[in-house]
Amino acid sequence: MSKKISLNDPSSVFTTYDLGCSTALLCADFELLSVKKSDPRKALFVFRKQSGIEETANKYFADKLDVKARSYFDNLKALKNKLYGN
């Protein structure tokens, strides 16, 4: 049984408001724990903090991360469904 993770504990979670970065993290097999939509204009994506997540996010922003195009599109579509679905 896995340990309960506090979504507000920075030592347990990695967060970003960036949809593209979140999609890339999903493509790299990082676990999305929650999407917090407290502001109607933006959402906070909360990931389980795992080894390599910050480096992967940094590679995304530096345009140095390679992902499969189809995987990226499928994960983007899934995230948008979470954001805009009922």
# chains A, B, ... in the order shown; residues from 1 in each chain; ligands from 1
>>> residues_around(residues="segment 74-84 of chain A", least_positions_apart="6", cutoff="7 Å", atoms="only C-alpha atoms", output="VMD selection string")
chain A and resid 23 26 to 27
>>> write_last_selection(atoms="N, CA and C atoms", output="compact mmCIF listing (two decimals), in the first residue's frame")
# COMPACT_ATOMS: atom_id res chain seq x y z
N THR A 23 2.04 17.99 -20.26
CA THR A 23 1.89 16.96 -21.28
C THR A 23 3.19 16.20 -21.48
N LEU A 26 3.82 13.80 -18.64
CA LEU A 26 3.02 12.58 -18.80
C LEU A 26 3.66 11.64 -19.82
N CYS A 27 4.17 12.21 -20.90
CA CYS A 27 4.85 11.39 -21.93
C CYS A 27 6.08 10.69 -21.35
>>> select_by_dssp(residues="segment 28-59 of chain A", states="strand (DSSP E)", output="short mmCIF file (atom, residue, chain, number, x, y, z; two decimals) with C-alpha atoms, in the first residue's frame")
data_model
loop_
_atom_site.label_atom_id
_atom_site.label_comp_id
_atom_site.auth_asym_id
_atom_site.auth_seq_id
_atom_site.Cartn_x
_atom_site.Cartn_y
_atom_site.Cartn_z
CA LEU A 32 -0.25 13.27 -12.43
CA LEU A 33 -1.92 13.40 -9.02
CA SER A 34 -4.32 16.28 -9.44
CA VAL A 35 -5.45 19.24 -11.53
CA LYS A 36 -6.41 22.16 -9.30
CA LYS A 37 -8.77 24.59 -11.04
CA SER A 38 -9.22 27.26 -8.37
CA ASP A 39 -8.83 30.02 -10.99
CA LYS A 42 -5.56 28.66 -15.28
CA ALA A 43 -5.02 25.26 -13.72
CA LEU A 44 -2.25 23.93 -11.48
CA PHE A 45 -0.99 20.48 -12.49
CA VAL A 46 0.27 18.48 -9.51
CA PHE A 47 2.66 15.58 -10.12
CA ARG A 48 4.21 13.07 -7.74
#
>>> atom_distance(atom1="atom CA of Ser12 of chain A", atom2="atom CA of Leu65 of chain A")
23.5 Å
>>> residues_around(residues="Ala28 of chain A", least_positions_apart="2", cutoff="8 Å", atoms="only C-alpha atoms", output="list of chain:residue names")
A:Ala24, A:Leu25, A:Leu26, A:Phe30, A:Thr56, A:Val67
>>> select_by_dssp(residues="segment 19-57 of chain A", states="helix (DSSP H, G or I)", output="number ranges by chain")
A: 19-27, 53-57
>>> write_last_selection(atoms="C-alpha atoms", output="compact mmCIF listing (two decimals), in the first residue's frame")
# COMPACT_ATOMS: atom_id res chain seq x y z
CA LEU A 19 -0.04 22.66 -20.12
CA GLY A 20 2.77 21.81 -22.55
CA CYS A 21 5.19 20.92 -19.76
CA SER A 22 2.52 18.82 -18.05
CA THR A 23 1.89 16.96 -21.28
CA ALA A 24 5.61 16.30 -21.70
CA LEU A 25 5.85 15.01 -18.12
CA LEU A 26 3.02 12.58 -18.80
CA CYS A 27 4.85 11.39 -21.93
CA ILE A 53 11.07 15.31 -12.88
CA GLU A 54 12.72 18.74 -12.54
CA GLU A 55 15.37 17.81 -15.13
CA THR A 56 12.66 16.63 -17.53
CA ALA A 57 10.70 19.87 -17.08
>>> decode(residues="chain A", atoms="C-alpha atoms", output="compact mmCIF listing (two decimals), in the first residue's frame")
# COMPACT_ATOMS: atom_id res chain seq x y z
CA MET A 1 0.00 0.00 0.00
CA SER A 2 1.47 3.37 -1.01
CA LYS A 3 1.94 6.26 1.39
CA LYS A 4 -0.63 9.07 1.24
CA ILE A 5 0.80 12.17 -0.43
CA SER A 6 -0.05 15.70 0.65
CA LEU A 7 -0.77 17.72 -2.48
CA ASN A 8 0.48 20.83 -0.66
CA ASP A 9 3.87 19.39 0.37
CA PRO A 10 6.62 20.67 -1.96
CA SER A 11 8.88 17.77 -0.96
CA SER A 12 6.27 15.29 -2.28
CA VAL A 13 4.91 17.04 -5.36
CA PHE A 14 6.06 18.95 -8.43
CA THR A 15 3.65 21.60 -9.73
CA THR A 16 3.35 23.62 -12.91
CA TYR A 17 0.75 25.80 -14.58
CA ASP A 18 2.15 24.97 -18.02
CA LEU A 19 -0.04 22.66 -20.12
CA GLY A 20 2.77 21.81 -22.55
CA CYS A 21 5.19 20.92 -19.76
CA SER A 22 2.52 18.82 -18.05
CA THR A 23 1.89 16.96 -21.28
CA ALA A 24 5.61 16.30 -21.70
CA LEU A 25 5.85 15.01 -18.12
CA LEU A 26 3.02 12.58 -18.80
CA CYS A 27 4.85 11.39 -21.93
CA ALA A 28 7.91 10.75 -19.73
CA ASP A 29 5.75 8.57 -17.43
CA PHE A 30 5.52 10.90 -14.45
CA GLU A 31 2.35 10.50 -12.39
CA LEU A 32 -0.25 13.27 -12.43
CA LEU A 33 -1.92 13.40 -9.02
CA SER A 34 -4.32 16.28 -9.44
CA VAL A 35 -5.45 19.24 -11.53
CA LYS A 36 -6.41 22.16 -9.30
CA LYS A 37 -8.77 24.59 -11.04
CA SER A 38 -9.22 27.26 -8.37
CA ASP A 39 -8.83 30.02 -10.99
CA PRO A 40 -11.14 29.73 -14.04
CA ARG A 41 -8.36 31.03 -16.33
CA LYS A 42 -5.56 28.66 -15.28
CA ALA A 43 -5.02 25.26 -13.72
CA LEU A 44 -2.25 23.93 -11.48
CA PHE A 45 -0.99 20.48 -12.49
CA VAL A 46 0.27 18.48 -9.51
CA PHE A 47 2.66 15.58 -10.12
CA ARG A 48 4.21 13.07 -7.74
CA LYS A 49 7.79 14.26 -7.16
CA GLN A 50 10.07 11.58 -8.54
CA SER A 51 13.72 11.46 -9.47
CA GLY A 52 14.31 13.33 -12.72
CA ILE A 53 11.07 15.31 -12.88
CA GLU A 54 12.72 18.74 -12.54
CA GLU A 55 15.37 17.81 -15.13
CA THR A 56 12.66 16.63 -17.53
CA ALA A 57 10.70 19.87 -17.08
CA ASN A 58 13.88 21.90 -17.63
CA LYS A 59 14.64 19.96 -20.81
CA TYR A 60 11.11 20.69 -22.04
CA PHE A 61 11.54 24.45 -21.50
CA ALA A 62 15.01 24.39 -23.09
CA ASP A 63 13.55 22.55 -26.14
CA LYS A 64 15.89 19.61 -25.49
CA LEU A 65 13.28 16.95 -24.62
CA ASP A 66 12.41 14.28 -27.16
CA VAL A 67 8.94 12.75 -26.98
CA LYS A 68 6.89 10.69 -29.39
CA ALA A 69 4.49 12.93 -31.29
CA ARG A 70 1.51 10.61 -31.01
CA SER A 71 2.07 10.14 -27.29
CA TYR A 72 2.29 13.92 -26.84
CA PHE A 73 -0.97 14.48 -28.74
CA ASP A 74 -2.82 11.73 -26.86
CA ASN A 75 -1.65 13.04 -23.48
CA LEU A 76 -2.52 16.63 -24.45
CA LYS A 77 -6.02 15.53 -25.42
CA ALA A 78 -6.42 13.66 -22.12
CA LEU A 79 -5.30 16.72 -20.12
CA LYS A 80 -7.67 18.99 -22.03
CA ASN A 81 -10.50 16.54 -21.29
CA LYS A 82 -9.64 16.83 -17.57
CA LEU A 83 -9.60 20.63 -17.81
CA TYR A 84 -12.72 21.21 -19.83
CA GLY A 85 -14.79 18.08 -19.22
CA ASN A 86 -17.59 17.87 -16.70
